[in-house]
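Undergrad: Can you read through this structure? Questions will come right after.
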Protein chains: 2
Amino acid sequence: MSYEAAISALDDATRRLLLERLTAGPLSAGELAAGLPISRPAVSQHLRVLREANLVHERREGTKRVYRLDPSGLSQLRAYFDSFWQRALTDFKDSADNEHEGEGP
Amino acid sequence: MSYEAAISALDDATRRLLLERLTAGPLSAGELAAGLPISRPAVSQHLRVLREANLVHERREGTKRVYRLDPSGLSQLRAYFDSFWQRALTDFKDSADNEHEGEGP
DNA sequence: CAGAAGCGTAAGATGTAGCTTACATAAGCC
DNA sequence: GGCTTATGTAAGCTACATCTTACGCTTCTG
């Protein structure tokens, strides 16, 4: 339970598209499925994955279910990447420094 | 060819572990495979995925192959996330603003 | 209450990612 | 040249992710 589910969820073009549509604002499951080249149940299954990764949040509204982005999953993911980035950049810097061993005039 | 390969590459615990080991500095393929619960060829295949995603860079050194982190793949990934983050945060803010419709004393 | 609207869930088919074993390749050593 | 070290590649197997079709569950409407 953490960033792993979020990474896994993002490793799918359809789910990334769904998330990007939601960056413009909340949408119902039907609206999210509209225009996609896959069946509506398939979209429903993708939405479940996104929900279990805490990337979206569902709210029942009459017979509709409105989805919106969930900050918690995104922040977990960002925390992981930020720590990784920092270590990676430090390594780049160290490598660049050590690249000059045995050089000179 | 872009951030998609990087996301896909990160969706694997073994590859994430390899990358994290490399944040401490360059390592040979054998050193990277040491201690892992999978075979060495399996690690070699993971390294290929990381290389094709521009997340690591290989340098031949005698009979060894030394791997180090590659900034290009990481920066592509970061660019995607940053743009996504920004849109997502904007949506959160908008949602919070609209949350107060019809409220009040 | 009957019917429709809007979605989720279940079951089954299929493609593919990741593993293993066996083999190929390239560089150093004697 | 032959042997060892270090590593990548190929072929085949298995597990799982994703799709489709069929069905079930709520909620509104007349």
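Chain labels A, B, ... are given in the sequence in which chains occur in the structure tokens; within each chain residues are numbered consecutively from 1, and ligands are likewise numbered from 1 in the order shown.
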As a VMD selection string, please: the residues near DA17 of chain D (cut-off 12 Å, only C-alpha atoms (C1' of nucleotides), same-chain neighbours under 3 positions excluded).
TA: (chain A and resid 8 to 9 11 to 12 42 45 to 46 49) or (chain C and resid 14 to 17)
Undergrad: Which residues of chain B come within 9 Å of chain A, and for each one, what is the closest pair of atoms and their distance in Å to one decimal, counting only C-alpha atoms, sorted by chain and residue number, as JSON lines?
TA:
{"residue": "B:Glu4", "atom": "CA", "partner": "A:Asp11", "partner_atom": "CA", "distance": 7.7}
{"residue": "B:Ile7", "atom": "CA", "partner": "A:Asp11", "partner_atom": "CA", "distance": 5.9}
{"residue": "B:Ser8", "atom": "CA", "partner": "A:Asp11", "partner_atom": "CA", "distance": 5.3}
{"residue": "B:Ala9", "atom": "CA", "partner": "A:Asp11", "partner_atom": "CA", "distance": 8.8}
{"residue": "B:Leu10", "atom": "CA", "partner": "A:Ile7", "partner_atom": "CA", "distance": 7.2}
{"residue": "B:Asp11", "atom": "CA", "partner": "A:Ser8", "partner_atom": "CA", "distance": 5.3}
{"residue": "B:Asp12", "atom": "CA", "partner": "A:Ser8", "partner_atom": "CA", "distance": 8.1}
{"residue": "B:Ala13", "atom": "CA", "partner": "A:Glu4", "partner_atom": "CA", "distance": 8.3}
{"residue": "B:Leu19", "atom": "CA", "partner": "A:Ala88", "partner_atom": "CA", "distance": 8.8}
{"residue": "B:Glu20", "atom": "CA", "partner": "A:Phe84", "partner_atom": "CA", "distance": 7.4}
{"residue": "B:Leu22", "atom": "CA", "partner": "A:Ala88", "partner_atom": "CA", "distance": 8.0}
{"residue": "B:Thr23", "atom": "CA", "partner": "A:Ala88", "partner_atom": "CA", "distance": 5.0}
{"residue": "B:Ala24", "atom": "CA", "partner": "A:Asp91", "partner_atom": "CA", "distance": 6.3}
{"residue": "B:Gly25", "atom": "CA", "partner": "A:Asp91", "partner_atom": "CA", "distance": 5.9}
{"residue": "B:Pro26", "atom": "CA", "partner": "A:Ser95", "partner_atom": "CA", "distance": 8.3}
{"residue": "B:Arg68", "atom": "CA", "partner": "A:Phe92", "partner_atom": "CA", "distance": 8.8}
{"residue": "B:Leu69", "atom": "CA", "partner": "A:Ala88", "partner_atom": "CA", "distance": 7.1}
{"residue": "B:Asp70", "atom": "CA", "partner": "A:Phe92", "partner_atom": "CA", "distance": 8.4}
{"residue": "B:Pro71", "atom": "CA", "partner": "A:Phe92", "partner_atom": "CA", "distance": 7.7}
{"residue": "B:Leu74", "atom": "CA", "partner": "A:Trp85", "partner_atom": "CA", "distance": 8.0}
{"residue": "B:Arg78", "atom": "CA", "partner": "A:Phe81", "partner_atom": "CA", "distance": 8.4}
{"residue": "B:Phe81", "atom": "CA", "partner": "A:Arg78", "partner_atom": "CA", "distance": 8.4}
{"residue": "B:Phe84", "atom": "CA", "partner": "A:Glu20", "partner_atom": "CA", "distance": 7.4}
{"residue": "B:Trp85", "atom": "CA", "partner": "A:Leu74", "partner_atom": "CA", "distance": 8.0}
{"residue": "B:Arg87", "atom": "CA", "partner": "A:Thr23", "partner_atom": "CA", "distance": 5.6}
{"residue": "B:Ala88", "atom": "CA", "partner": "A:Thr23", "partner_atom": "CA", "distance": 5.0}
{"residue": "B:Leu89", "atom": "CA", "partner": "A:Pro71", "partner_atom": "CA", "distance": 8.1}
{"residue": "B:Thr90", "atom": "CA", "partner": "A:Thr23", "partner_atom": "CA", "distance": 7.8}
{"residue": "B:Asp91", "atom": "CA", "partner": "A:Thr23", "partner_atom": "CA", "distance": 5.7}
{"residue": "B:Phe92", "atom": "CA", "partner": "A:Leu69", "partner_atom": "CA", "distance": 7.6}
{"residue": "B:Asp94", "atom": "CA", "partner": "A:Gly25", "partner_atom": "CA", "distance": 8.2}
{"residue": "B:Ser95", "atom": "CA", "partner": "A:Gly25", "partner_atom": "CA", "distance": 7.6}
Undergrad: Work out how far atom CA of Arg48 of chain A is from atom CA of Leu32 of chain A, in Å to one decimal.
TA: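 These two atoms are separated by 13.0 Å.
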Undergrad: May I ask you to extract the residues of chain C within 9 Å of chain A, using only C-alpha atoms (C1' of nucleotides), and to give them as a PyMOL selection string?
TA: chain C and resi 5-8
Undergrad: Quick check for you: according to DSSP on this backbone, which residues of chain B are classed as strand (DSSP E or B)? Reply as a VMD selection string.
TA: chain B and resid 27 to 28 56 to 61 64 to 69
Undergrad: Give me, as an mmCIF file with C-alpha atoms (C1' of nucleotides), in the first residue's frame, the residues of chain D touching chain B, with the criterion being at most 9 Å (counting only C-alpha atoms (C1' of nucleotides)).
TA:
data_model
loop_
_atom_site.group_PDB
_atom_site.id
_atom_site.type_symbol
_atom_site.label_atom_id
_atom_site.label_comp_id
_atom_site.auth_asym_id
_atom_site.auth_seq_id
_atom_site.Cartn_x
_atom_site.Cartn_y
_atom_site.Cartn_z
ATOM 1 C "C1'" DT D 5 35.590 -14.171 -16.784
ATOM 2 C "C1'" DA D 6 31.720 -11.343 -17.602
ATOM 3 C "C1'" DT D 7 27.734 -10.613 -19.809
ATOM 4 C "C1'" DG D 8 24.121 -10.522 -23.513
#
Undergrad: Counting only C-alpha atoms (C1' of nucleotides), what is within 12 Å of DG12 of chain D, bar same-chain residues fewer than 5 positions away, as a PyMOL selection string?
TA: chain C and resi 19-22
Undergrad: Those residues with C-alpha atoms (C1' of nucleotides), as a PDB file, in the first residue's frame please?
TA:
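Final file, part_38.pdb:
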ATOM      1  C1'  DC C  19      11.494 -16.128 -15.418  1.00  0.00           C
ATOM      2  C1'  DT C  20      14.702 -20.179 -16.410  1.00  0.00           C
ATOM      3  C1'  DT C  21      18.025 -22.970 -18.943  1.00  0.00           C
ATOM      4  C1'  DA C  22      21.141 -23.261 -22.683  1.00  0.00           C
TER       5       DA C  22
END
Undergrad: At what distance in Å, to one decimal, does atom CA of Gly73 of chain B lie from atom CA of Asn54 of chain B?
TA: 4.5 Å
Undergrad: As an exercise, work out the distance from atom CA of Tyr67 of chain A to atom CA of Ser83 of chain A in Å and give it to one decimal place.
TA: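 Computing it gives 29.4 Å between the two atoms.
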Undergrad: Could you pull the residues within 12 Å of DT4 of chain D, counting only C-alpha atoms (C1' of nucleotides), minus those fewer than 6 positions along the same chain, as a PyMOL selection string?
TA: (chain B and resi 63) or (chain C and resi 27-30)
